[in-house]
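> See start.pdb below, with PDB, C-alpha atoms and all ligand atoms.
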ATOM      1  CA  MET A 185      34.675 -45.217  22.888
ATOM      2  CA  ASP A 186      34.277 -41.676  21.690
ATOM      3  CA  LYS A 187      35.354 -38.410  23.270
ATOM      4  CA  LYS A 188      32.116 -37.996  25.223
ATOM      5  CA  ASP A 189      32.526 -41.393  26.908
ATOM      6  CA  VAL A 190      36.089 -40.506  27.846
ATOM      7  CA  PHE A 191      35.097 -37.152  29.357
ATOM      8  CA  GLN A 192      32.371 -38.844  31.373
ATOM      9  CA  GLN A 193      34.830 -41.468  32.571
ATOM     10  CA  VAL A 194      37.311 -38.775  33.671
ATOM     11  CA  GLN A 195      34.585 -36.779  35.412
ATOM     12  CA  LYS A 196      33.528 -39.874  37.321
ATOM     13  CA  GLN A 197      37.152 -40.634  38.264
ATOM     14  CA  MET A 198      37.611 -37.098  39.630
ATOM     15  CA  GLU A 199      34.337 -37.151  41.530
ATOM     16  CA  ASP A 200      35.353 -40.433  43.189
ATOM     17  CA  LYS A 201      38.764 -39.023  44.074
ATOM     18  CA  ARG A 202      37.249 -35.874  45.546
ATOM     19  CA  GLN A 203      34.716 -37.810  47.579
ATOM     20  CA  ARG A 204      37.374 -40.188  48.896
ATOM     21  CA  ALA A 205      39.503 -37.253  50.105
ATOM     22  CA  GLU A 206      36.503 -35.544  51.730
ATOM     23  CA  THR A 207      35.201 -38.708  53.399
ATOM     24  CA  LYS A 208      38.658 -39.491  54.771
ATOM     25  CA  ALA A 209      38.938 -36.006  56.298
ATOM     26  CA  GLN A 210      35.409 -36.191  57.729
ATOM     27  CA  LEU A 211      36.113 -39.573  59.327
ATOM     28  CA  ALA A 212      39.283 -38.201  60.930
ATOM     29  CA  LEU A 213      37.342 -35.207  62.280
ATOM     30  CA  ASP A 214      34.567 -37.454  63.644
ATOM     31  CA  PHE A 215      37.218 -39.554  65.357
ATOM     32  CA  ALA A 216      38.962 -36.478  66.857
ATOM     33  CA  CYS A 217      35.646 -35.071  68.111
ATOM     34  CA  LYS A 218      35.182 -38.152  70.275
ATOM     35  CA  ASN A 219      37.726 -36.412  72.505
ATOM     36  CA  LYS A 220      35.619 -33.959  74.533
ATOM     37  CA  ASP A 221      38.338 -31.277  74.814
ATOM     38  CA  PHE A 222      38.890 -31.366  71.103
ATOM     39  CA  ALA A 223      35.150 -31.212  70.417
ATOM     40  CA  LEU A 224      34.739 -28.131  72.630
ATOM     41  CA  LEU A 225      37.606 -26.359  70.871
ATOM     42  CA  GLU A 226      36.146 -27.353  67.522
ATOM     43  CA  SER A 227      32.763 -25.869  68.321
ATOM     44  CA  GLU A 228      34.409 -22.669  69.593
ATOM     45  CA  ARG A 229      36.488 -22.520  66.420
ATOM     46  CA  ARG A 230      33.398 -22.827  64.231
ATOM     47  CA  SER A 231      31.541 -20.014  65.935
ATOM     48  CA  LEU A 232      34.682 -17.888  65.742
ATOM     49  CA  VAL A 233      34.889 -18.498  61.997
ATOM     50  CA  PHE A 234      31.287 -17.343  61.723
ATOM     51  CA  ASP A 235      31.827 -14.237  63.897
ATOM     52  CA  MET A 236      35.011 -13.317  62.073
ATOM     53  CA  GLY A 237      33.161 -13.453  58.797
ATOM     54  CA  LYS A 238      30.480 -11.197  60.203
ATOM     55  CA  ASN A 239      33.016  -8.675  61.527
ATOM     56  CA  LEU A 240      34.938  -8.639  58.272
ATOM     57  CA  PHE A 241      31.709  -7.945  56.436
ATOM     58  CA  LEU A 242      30.874  -5.070  58.792
ATOM     59  CA  GLY A 243      34.407  -3.704  58.728
ATOM     60  CA  LYS A 244      34.983  -4.385  62.424
ATOM     61  CA  PRO A 245      38.334  -5.531  63.838
ATOM     62  CA  VAL A 246      39.124  -9.266  64.023
ATOM     63  CA  ASP A 247      42.566  -9.173  65.683
ATOM     64  CA  LYS A 248      41.479 -10.719  68.996
ATOM     65  CA  MET A 249      39.494 -13.408  67.266
ATOM     66  CA  GLN A 250      42.472 -14.113  65.069
ATOM     67  CA  SER A 251      44.790 -14.687  67.973
ATOM     68  CA  ARG A 252      42.203 -16.880  69.755
ATOM     69  CA  MET A 253      41.975 -18.923  66.544
ATOM     70  CA  GLU A 254      45.714 -19.436  66.631
ATOM     71  CA  GLU A 255      45.548 -20.586  70.239
ATOM     72  CA  ILE A 256      42.781 -23.025  69.403
ATOM     73  CA  ALA A 257      44.773 -24.363  66.455
ATOM     74  CA  SER A 258      47.833 -25.088  68.560
ATOM     75  CA  GLN A 259      45.762 -26.670  71.354
ATOM     76  CA  GLN A 260      43.940 -28.814  68.821
ATOM     77  CA  ALA A 261      47.242 -29.814  67.221
ATOM     78  CA  LEU A 262      48.514 -31.057  70.602
ATOM     79  CA  LEU A 263      45.362 -33.074  71.185
ATOM     80  CA  LEU A 264      45.533 -34.483  67.674
ATOM     81  CA  GLU A 265      49.109 -35.563  68.251
ATOM     82  CA  GLN A 266      47.975 -37.568  71.273
ATOM     83  CA  MET A 267      45.471 -39.272  68.967
ATOM     84  CA  ALA A 268      48.204 -39.991  66.412
ATOM     85  CA  LEU A 269      46.615 -37.528  63.967
ATOM     86  CA  SER A 270      47.818 -34.286  62.387
ATOM     87  CA  PRO A 271      45.832 -31.146  61.457
ATOM     88  CA  ASP A 272      46.315 -32.090  57.775
ATOM     89  CA  ASP A 273      44.314 -35.266  58.372
ATOM     90  CA  LEU A 274      41.216 -33.145  58.998
ATOM     91  CA  VAL A 275      41.498 -31.316  55.702
ATOM     92  CA  PRO A 276      40.635 -33.134  52.437
ATOM     93  CA  GLN A 277      43.921 -33.944  50.706
ATOM     94  CA  TYR A 278      43.037 -33.446  47.049
ATOM     95  CA  SER A 279      45.464 -34.865  44.524
ATOM     96  CA  CYS A 280      45.258 -31.690  42.414
ATOM     97  CA  LYS A 281      45.788 -28.559  44.464
ATOM     98  CA  VAL A 282      44.823 -26.344  41.527
ATOM     99  CA  CYS A 283      41.215 -27.501  41.113
ATOM    100  CA  ASN A 284      40.727 -29.560  44.313
ATOM    101  CA  ASP A 285      39.891 -32.516  42.070
ATOM    102  CA  LYS A 286      36.951 -30.722  40.505
ATOM    103  CA  GLY A 287      38.574 -30.948  37.065
ATOM    104  CA  PHE A 288      37.680 -27.351  36.210
ATOM    105  CA  VAL A 289      39.049 -23.934  37.153
ATOM    106  CA  ASP A 290      37.112 -20.809  36.153
ATOM    107  CA  GLY A 291      35.006 -22.858  33.788
ATOM    108  CA  LYS A 292      38.058 -24.227  31.988
ATOM    109  CA  LYS A 293      39.430 -27.752  32.069
ATOM    110  CA  CYS A 294      42.232 -28.123  34.602
ATOM    111  CA  LYS A 295      45.570 -29.592  33.517
ATOM    112  CA  CYS A 296      44.828 -32.711  35.595
ATOM    113  CA  PHE A 297      41.601 -33.260  33.634
ATOM    114  CA  VAL A 298      43.439 -33.009  30.315
ATOM    115  CA  GLN A 299      46.159 -35.387  31.534
ATOM    116  CA  ALA A 300      43.626 -37.952  32.758
ATOM    117  CA  THR A 301      41.793 -37.719  29.428
ATOM    118  CA  ASN A 302      45.006 -38.215  27.484
ATOM    119  CA  LYS A 303      45.913 -41.224  29.577
ATOM    120  CA  ILE A 304      42.617 -42.987  28.903
ATOM    121  CA  LEU A 305      42.799 -42.107  25.227
ATOM    122  CA  SER A 306      46.332 -43.408  24.778
ATOM    123  CA  ASP A 307      45.711 -46.518  26.918
ATOM    124  CA  ASN A 308      42.826 -47.405  24.619
ATOM    125  CA  SER A 309      44.457 -46.414  21.342
ATOM    126  CA  ASN A 310      46.571 -49.526  20.795
ATOM    127  CA  LEU A 311      49.253 -47.219  19.368
ATOM    128  CA  CYS A 312      52.691 -48.648  20.064
ATOM    129  CA  ASP A 313      54.382 -45.308  20.750
ATOM    130  CA  THR A 314      52.200 -42.376  21.710
ATOM    131  CA  ASN A 315      55.145 -39.957  21.698
ATOM    132  CA  LEU A 316      55.335 -39.949  17.910
ATOM    133  CA  SER A 317      54.279 -36.840  16.055
ATOM    134  CA  LEU A 318      54.468 -35.396  12.542
ATOM    135  CA  ASP A 319      56.800 -32.771  13.980
ATOM    136  CA  SER A 320      59.253 -35.482  15.011
ATOM    137  CA  VAL A 321      59.433 -37.097  11.564
ATOM    138  CA  VAL A 322      62.813 -36.915   9.861
ATOM    139  CA  ALA A 323      61.889 -37.464   6.226
ATOM    140  CA  LYS A 324      64.195 -39.852   4.394
ATOM    141  CA  ASN A 325      63.225 -38.580   0.956
ATOM    142  CA  SER A 326      61.103 -35.949  -0.756
ATOM    143  CA  THR A 327      58.055 -38.236  -0.982
ATOM    144  CA  GLN A 328      57.976 -38.653   2.776
ATOM    145  CA  GLN A 329      58.411 -34.913   3.236
ATOM    146  CA  ASP A 330      55.517 -34.259   0.848
ATOM    147  CA  VAL A 331      53.293 -36.627   2.808
ATOM    148  CA  VAL A 332      54.281 -34.974   6.106
ATOM    149  CA  ASP A 333      53.349 -31.590   4.616
ATOM    150  CA  VAL A 334      50.000 -32.866   3.330
ATOM    151  CA  PHE A 335      49.238 -34.448   6.715
ATOM    152  CA  LYS A 336      50.136 -31.273   8.586
ATOM    153  CA  LYS A 337      47.812 -29.303   6.350
ATOM    154  CA  TYR A 338      45.096 -31.913   6.923
ATOM    155  CA  LEU A 339      45.638 -31.707  10.669
ATOM    156  CA  SER A 340      45.432 -27.950  10.783
ATOM    157  CA  ALA A 341      42.146 -28.007   8.845
ATOM    158  CA  LEU A 342      40.478 -30.378  11.311
ATOM    159  CA  PRO A 343      37.635 -30.801  12.012
ATOM    160  CA  LYS A 344      36.556 -29.052   8.813
ATOM    161  CA  VAL A 345      38.179 -31.466   6.379
ATOM    162  CA  PRO A 346      35.939 -32.613   3.538
ATOM    163  CA  LYS A 347      37.755 -35.949   3.412
ATOM    164  CA  CYS A 348      37.327 -38.085   6.514
ATOM    165  CA  ASN A 349      39.203 -41.032   5.011
ATOM    166  CA  VAL A 350      42.915 -41.176   4.367
ATOM    167  CA  PHE A 351      44.239 -43.966   2.176
ATOM    168  CA  VAL A 352      47.989 -44.356   1.807
ATOM    169  CA  THR A 353      49.288 -46.833  -0.687
ATOM    170  CA  GLY A 354      52.905 -47.740  -1.280
ATOM    171  CA  GLY A 355      55.370 -50.583  -1.141
ATOM    172  CA  THR A 356      56.861 -52.140   1.955
ATOM    173  CA  GLY A 357      59.359 -49.860   3.653
ATOM    174  CA  THR A 358      58.077 -46.603   2.192
ATOM    175  CA  GLY A 359      57.281 -45.450   5.727
ATOM    176  CA  LYS A 360      53.507 -45.213   5.230
ATOM    177  CA  THR A 361      52.607 -46.921   8.509
ATOM    178  CA  HIS A 362      54.971 -44.678  10.440
ATOM    179  CA  LEU A 363      53.581 -41.502   8.891
ATOM    180  CA  VAL A 364      49.948 -42.504   9.415
ATOM    181  CA  THR A 365      50.791 -43.463  13.008
ATOM    182  CA  CYS A 366      52.280 -39.996  13.529
ATOM    183  CA  LEU A 367      49.150 -38.385  12.106
ATOM    184  CA  ALA A 368      46.958 -40.521  14.391
ATOM    185  CA  ASN A 369      49.144 -39.582  17.366
ATOM    186  CA  ASP A 370      48.713 -35.906  16.631
ATOM    187  CA  LEU A 371      44.944 -36.388  16.614
ATOM    188  CA  LEU A 372      45.225 -38.248  19.917
ATOM    189  CA  LYS A 373      47.054 -35.235  21.337
ATOM    190  CA  GLN A 374      44.077 -33.115  20.302
ATOM    191  CA  ASN A 375      41.868 -35.420  22.384
ATOM    192  CA  TYR A 376      40.416 -37.481  19.561
ATOM    193  CA  SER A 377      39.941 -41.120  20.497
ATOM    194  CA  VAL A 378      42.097 -43.353  18.293
ATOM    195  CA  LEU A 379      42.062 -47.078  17.669
ATOM    196  CA  PHE A 380      44.973 -48.602  15.774
ATOM    197  CA  THR A 381      44.564 -52.093  14.363
ATOM    198  CA  SER A 382      46.354 -54.238  11.842
ATOM    199  CA  SER A 383      44.188 -55.462   9.026
ATOM    200  CA  PHE A 384      45.018 -59.000  10.181
ATOM    201  CA  ASN A 385      43.614 -58.406  13.678
ATOM    202  CA  LEU A 386      40.644 -56.515  12.329
ATOM    203  CA  ASN A 387      39.781 -59.422  10.082
ATOM    204  CA  ASN A 388      39.961 -61.834  13.010
ATOM    205  CA  LEU A 389      37.673 -59.533  14.965
ATOM    206  CA  PHE A 390      35.234 -59.585  12.028
ATOM    207  CA  LEU A 391      35.205 -63.373  12.202
ATOM    208  CA  GLN A 392      34.664 -63.259  15.950
ATOM    209  CA  ILE A 393      31.727 -60.865  15.473
ATOM    210  CA  HIS A 394      30.319 -63.042  12.705
ATOM    211  CA  LEU A 395      30.379 -66.116  14.928
ATOM    212  CA  ALA A 396      29.099 -64.314  18.034
ATOM    213  CA  PRO A 397      25.480 -64.672  19.128
ATOM    214  CA  ALA A 398      23.238 -61.917  17.727
ATOM    215  CA  TYR A 399      22.933 -60.026  21.005
ATOM    216  CA  GLN A 400      26.736 -59.634  21.231
ATOM    217  CA  LYS A 401      27.394 -58.565  17.648
ATOM    218  CA  ASN A 402      26.539 -54.886  18.100
ATOM    219  CA  ALA A 403      28.603 -54.530  21.246
ATOM    220  CA  LEU A 404      31.661 -56.019  19.529
ATOM    221  CA  PHE A 405      31.212 -53.791  16.503
ATOM    222  CA  ALA A 406      30.460 -50.673  18.568
ATOM    223  CA  ASN A 407      34.058 -49.919  19.496
ATOM    224  CA  LEU A 408      35.093 -49.906  15.831
ATOM    225  CA  LEU A 409      32.284 -47.503  15.020
ATOM    226  CA  SER A 410      32.540 -45.139  17.941
ATOM    227  CA  THR A 411      36.250 -44.352  17.939
ATOM    228  CA  ASP A 412      36.912 -40.916  16.422
ATOM    229  CA  VAL A 413      39.879 -42.222  14.433
ATOM    230  CA  LEU A 414      40.308 -45.797  13.237
ATOM    231  CA  VAL A 415      43.640 -46.798  11.699
ATOM    232  CA  ILE A 416      43.629 -49.971   9.616
ATOM    233  CA  ASP A 417      47.202 -50.906   8.889
ATOM    234  CA  ASP A 418      48.278 -52.981   5.901
ATOM    235  CA  LEU A 419      44.929 -53.685   4.289
ATOM    236  CA  GLY A 420      45.300 -56.637   1.934
ATOM    237  CA  SER A 421      47.758 -58.540   4.103
ATOM    238  CA  GLU A 422      45.023 -60.606   5.749
ATOM    239  CA  ASN A 423      43.553 -63.883   4.535
ATOM    240  CA  LYS A 424      40.032 -63.040   3.507
ATOM    241  CA  TYR A 425      37.154 -65.022   4.980
ATOM    242  CA  ASN A 426      34.245 -65.721   2.648
ATOM    243  CA  ASN A 427      31.071 -63.833   3.552
ATOM    244  CA  VAL A 428      32.902 -62.084   6.347
ATOM    245  CA  THR A 429      35.819 -59.846   5.373
ATOM    246  CA  GLU A 430      34.137 -57.942   2.558
ATOM    247  CA  GLU A 431      30.753 -57.685   4.258
ATOM    248  CA  TYR A 432      32.012 -56.364   7.548
ATOM    249  CA  LEU A 433      34.677 -54.102   6.059
ATOM    250  CA  CYS A 434      32.125 -52.562   3.725
ATOM    251  CA  ASN A 435      29.706 -52.020   6.610
ATOM    252  CA  LEU A 436      32.407 -50.544   8.766
ATOM    253  CA  LEU A 437      33.566 -48.086   6.112
ATOM    254  CA  SER A 438      30.017 -47.042   5.216
ATOM    255  CA  GLU A 439      28.900 -46.496   8.776
ATOM    256  CA  ARG A 440      32.022 -44.589   9.716
ATOM    257  CA  MET A 441      31.663 -42.368   6.660
ATOM    258  CA  ALA A 442      28.006 -41.755   7.495
ATOM    259  CA  GLY A 443      29.018 -40.845  11.041
ATOM    260  CA  LYS A 444      31.758 -38.513   9.717
ATOM    261  CA  LYS A 445      34.427 -40.452  11.585
ATOM    262  CA  TYR A 446      38.036 -40.554  10.445
ATOM    263  CA  THR A 447      39.363 -43.785   8.966
ATOM    264  CA  PHE A 448      43.002 -44.046   7.951
ATOM    265  CA  ILE A 449      44.119 -47.018   5.892
ATOM    266  CA  THR A 450      47.530 -48.104   4.706
ATOM    267  CA  SER A 451      47.961 -50.765   2.041
ATOM    268  CA  ASN A 452      50.438 -52.224  -0.388
ATOM    269  CA  LEU A 453      47.521 -52.373  -2.780
ATOM    270  CA  GLY A 454      46.508 -49.408  -4.863
ATOM    271  CA  LYS A 455      43.686 -49.739  -7.326
ATOM    272  CA  GLN A 456      44.084 -53.523  -7.036
ATOM    273  CA  ILE A 457      41.779 -53.070  -4.042
ATOM    274  CA  GLN A 458      39.009 -53.482  -6.625
ATOM    275  CA  ASP A 459      40.252 -56.946  -7.680
ATOM    276  CA  VAL A 460      40.745 -58.103  -4.112
ATOM    277  CA  TYR A 461      37.736 -56.572  -2.325
ATOM    278  CA  GLY A 462      35.287 -55.833  -5.109
ATOM    279  CA  ASP A 463      33.477 -52.717  -6.296
ATOM    280  CA  ARG A 464      31.667 -51.727  -3.120
ATOM    281  CA  ILE A 465      34.797 -51.398  -1.004
ATOM    282  CA  TYR A 466      36.756 -49.914  -3.880
ATOM    283  CA  SER A 467      34.157 -47.199  -4.382
ATOM    284  CA  ARG A 468      34.167 -46.318  -0.693
ATOM    285  CA  ILE A 469      37.939 -46.042  -0.515
ATOM    286  CA  PHE A 470      38.440 -44.334  -3.867
ATOM    287  CA  SER A 471      35.729 -41.778  -3.236
ATOM    288  CA  GLN A 472      35.443 -37.993  -3.008
ATOM    289  CA  LYS A 473      35.698 -38.338   0.738
ATOM    290  CA  THR A 474      39.155 -39.891   0.725
ATOM    291  CA  LEU A 475      42.502 -38.188   0.795
ATOM    292  CA  LEU A 476      44.455 -40.495  -1.513
ATOM    293  CA  ILE A 477      48.198 -40.674  -1.082
ATOM    294  CA  ASN A 478      50.516 -42.693  -3.227
ATOM    295  CA  MET A 479      53.991 -43.368  -1.935
ATOM    296  CA  PRO A 480      55.877 -44.908  -4.811
ATOM    297  CA  GLY A 481      59.546 -45.601  -4.557
ATOM    298  CA  LYS A 482      62.014 -48.266  -3.894
ATOM    299  CA  ASP A 483      62.051 -50.243  -0.725
ATOM    300  CA  LEU A 484      63.830 -47.861   1.625
ATOM    301  CA  ARG A 485      64.670 -50.600   4.077
ATOM    302  CA  VAL A 486      66.440 -52.489   1.315
ATOM    303  CA  GLU A 487      68.112 -49.297   0.120
ATOM    304  CA  ARG A 488      69.739 -48.745   3.464
ATOM    305  CA  ASN A 489      71.346 -52.187   3.562
TER     306      ASN A 489
HETATM  307 ZN    ZN B   1      43.222 -30.102  38.605
END
What's the structure tokens form of this structure?

Amino acid sequence: MDKKDVFQQVQKQMEDKRQRAETKAQLALDFACKNKDFALLESERRSLVFDMGKNLFLGKPVDKMQSRMEEIASQQALLLEQMALSPDDLVPQYSCKVCNDKGFVDGKKCKCFVQATNKILSDNSNLCDTNLSLDSVVAKNSTQQDVVDVFKKYLSALPKVPKCNVFVTGGTGTGKTHLVTCLANDLLKQNYSVLFTSSFNLNNLFLQIHLAPAYQKNALFANLLSTDVLVIDDLGSENKYNNVTEEYLCNLLSERMAGKKYTFITSNLGKQIQDVYGDRIYSRIFSQKTLLINMPGKDLRVERN
């Protein structure tokens, strides 16, 4: 899904919530108005509200009306109590008191809207820990710190970066997956939709798409294309399937580049990508549109032991 789908989904969620609260209040009022005394008070209250509005507009006093309103309210409250209801039951109980579940205040997104969006985005991201961030990285060496700096610069230039791909190569334990995950998390926090996948799982999905009936292929592929950010972790670790892995990966990279979507890849392979995946994939990864990062160095996990 892309951002637009998510916004629509949140808008629909809020509309449903608002309608539920309003219907519940209306049903309680309908029930209370079955009591004749209550109904009479209610109709008096409504005309008072109207008259008070008129007087306020004309600058006339409303004191008497005000006190009659208070009397009505307490009489209604007593009647409601007999019906096992409270005055609150007649008022829509919105879950967000700031925007009354409209999602917007003064034309701006309400906090509840942003939170609901973030929840959908992180639920769909497949990221294992959505609290990670480049700011929380404690670099274990200067290479890691350099990469953090480059990523922060990249992040601050979004969405006007000329390179929509990021390719990080380096040995096991250099921390490349962690750093790319932090970068993806920071994009998630800026409301980009993110999909994290291991190369192994991606390859299995390619096979599934390949074997699926024609009418299902596009739907299965759509999610990989539409996400704003796709992270492919550990490219080269999968067992390649003939006529599948290269074809689908090449398609995926091309279409995402054409759609100006961000694709982040980590791999133990550097230029050996060419030997393993051939020229077409190599030229897409090692292109002008890719931010290439090499993380040489010893295996940090071994170093610590
Ligand atoms: Zn709100």
> What do you get as a tab-separated table (two decimals) with C-alpha atoms, in the frame of the given file if you pick all residues at most 7 Å from ligand ZN 1 (chain B), counting only C-alpha atoms and all ligand atoms?

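selection_32.tsv written:
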chain	number	residue	atom	x	y	z
A	280	CYS	CA	45.26	-31.69	42.41
A	281	LYS	CA	45.79	-28.56	44.46
A	282	VAL	CA	44.82	-26.34	41.53
A	283	CYS	CA	41.22	-27.50	41.11
A	284	ASN	CA	40.73	-29.56	44.31
A	285	ASP	CA	39.89	-32.52	42.07
A	286	LYS	CA	36.95	-30.72	40.51
A	287	GLY	CA	38.57	-30.95	37.06
A	288	PHE	CA	37.68	-27.35	36.21
A	294	CYS	CA	42.23	-28.12	34.60
A	295	LYS	CA	45.57	-29.59	33.52
A	296	CYS	CA	44.83	-32.71	35.60
A	297	PHE	CA	41.60	-33.26	33.63
> Could the residues of range 278-318 of chain A that have an atom at most 12 Å from range 407-413 of chain A be listed as CSV, each with its closest atom pair and the distance in Å to one decimal, counting all atoms listed in the file and ordered by chain and ascending residue number?

residue,atom,partner,partner_atom,distance
A:Leu305,CA,A:Thr411,CA,10.1
A:Asn308,CA,A:Thr411,CA,9.9
A:Ser309,CA,A:Thr411,CA,9.1
A:Asn310,CA,A:Val413,CA,11.8
A:Leu311,CA,A:Val413,CA,11.7
> Let's have the selection written as an mmCIF file, in the coordinates of the input, with C-alpha atoms.

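So the final result, stored in selection02.cif, reads:
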data_model
loop_
_atom_site.group_PDB
_atom_site.id
_atom_site.type_symbol
_atom_site.label_atom_id
_atom_site.label_comp_id
_atom_site.auth_asym_id
_atom_site.auth_seq_id
_atom_site.Cartn_x
_atom_site.Cartn_y
_atom_site.Cartn_z
ATOM 1 C CA LEU A 305 42.799 -42.107 25.227
ATOM 2 C CA ASN A 308 42.826 -47.405 24.619
ATOM 3 C CA SER A 309 44.457 -46.414 21.342
ATOM 4 C CA ASN A 310 46.571 -49.526 20.795
ATOM 5 C CA LEU A 311 49.253 -47.219 19.368
#
> Fewer than 6 positions away in the same chain doesn't count, so skip those; otherwise give me all residues within 12 Å of range 328-333 of chain A, counting all atoms listed in the file, as a PyMOL selection string.
chain A and resi 317-322+339-340+350-354+357-367+370+475-481+484
> Just to confirm, what's the straight-line distance from CA of Ala368 in chain A to CA of Lys344 in chain A in Å (one decimal)?
16.5 Å
> Using the chain letters and numbering of this document, enumerate as a ChimeraX atom specification the residues selected by the PyMOL selection byres (((chain A and resi 226) around 10) and not hetatm).
/A:213,216-217,220-225,227-232,256-257,260
> At what distance in Å, to one decimal, does CA of Glu430 in chain A lie from CA of Gly355 in chain A?
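That distance, rounded to one decimal, is 22.8 Å.
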> So which one's closest to Gln197 in chain A, A:Leu316, A:Ala442, A:Thr301, A:Phe470? Using all atoms listed in the file, please.
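Closest residue, counting all atoms listed in the file: A:Thr301.
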> For CA of Met253 in chain A and CA of Val233 in chain A, quote the distance in Å rounded to one decimal.
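Computed distance, CA of Met253 in chain A to CA of Val233 in chain A, equals 8.4 Å.
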> Pull out every residue that the PyMOL selection byres (((chain A and resi 202) around 8) and not hetatm) matches in the shown coordinates and put them as a ChimeraX atom specification.
/A:198-201,203-206,278,284-286
> Expand the PyMOL selection byres (((chain A and resi 471) around 12) and not hetatm) into the explicit residue set it covers here, and present it as a list in words.
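Checking the PyMOL selection byres (((chain A and resi 471) around 12) and not hetatm) against this file, the residues are Pro346, Lys347, Cys348, Asn349, Val350, Phe351, Leu437, Ser438, Met441, Lys455, Asp463, Arg464, Ile465, Tyr466, Ser467, Arg468, Ile469, Phe470, Gln472, Lys473, Thr474, Leu475 and Leu476 of chain A.
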> Check the smallest atom-to-atom distance from each of A:Tyr376, A:Glu255, A:Leu264, A:Val298 to Gln195 in chain A using all atoms listed in the file, then report the winner.
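Using all atoms listed in the file, Gln195 in chain A sits closest to A:Val298.
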> In terms of the shortest atom-to-atom distance over all atoms listed in the file, which of A:Val345, A:Leu419, A:Asn315, A:Tyr432 is closest to Gln456 in chain A?
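For Gln456 in chain A, the nearest of the given residues is A:Leu419.
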> Excluding Ala261 in chain A and residues on its chain fewer than 6 positions from it, collect all residues at most 9 Å away from it, counting all atoms listed in the file, and give them as a PDB file with C-alpha atoms, in the frame of the given file.

ATOM      1  CA  LEU A 269      46.615 -37.528  63.967  1.00  0.00           C
ATOM      2  CA  SER A 270      47.818 -34.286  62.387  1.00  0.00           C
ATOM      3  CA  PRO A 271      45.832 -31.146  61.457  1.00  0.00           C
TER       4      PRO A 271
END
> Considering all atoms listed in the file, can you say which of A:Lys337, A:Asp186, A:Asp235, A:Asn219 comes closest to Met249 in chain A?
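Among A:Lys337, A:Asp186, A:Asp235, A:Asn219, it is A:Asp235 that comes nearest to Met249 in chain A.
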> Which is closer to Lys336 in chain A than all the others in A:Leu395, A:Ile416, A:Lys424, A:Leu371, using all atoms listed in the file?
A:Leu371
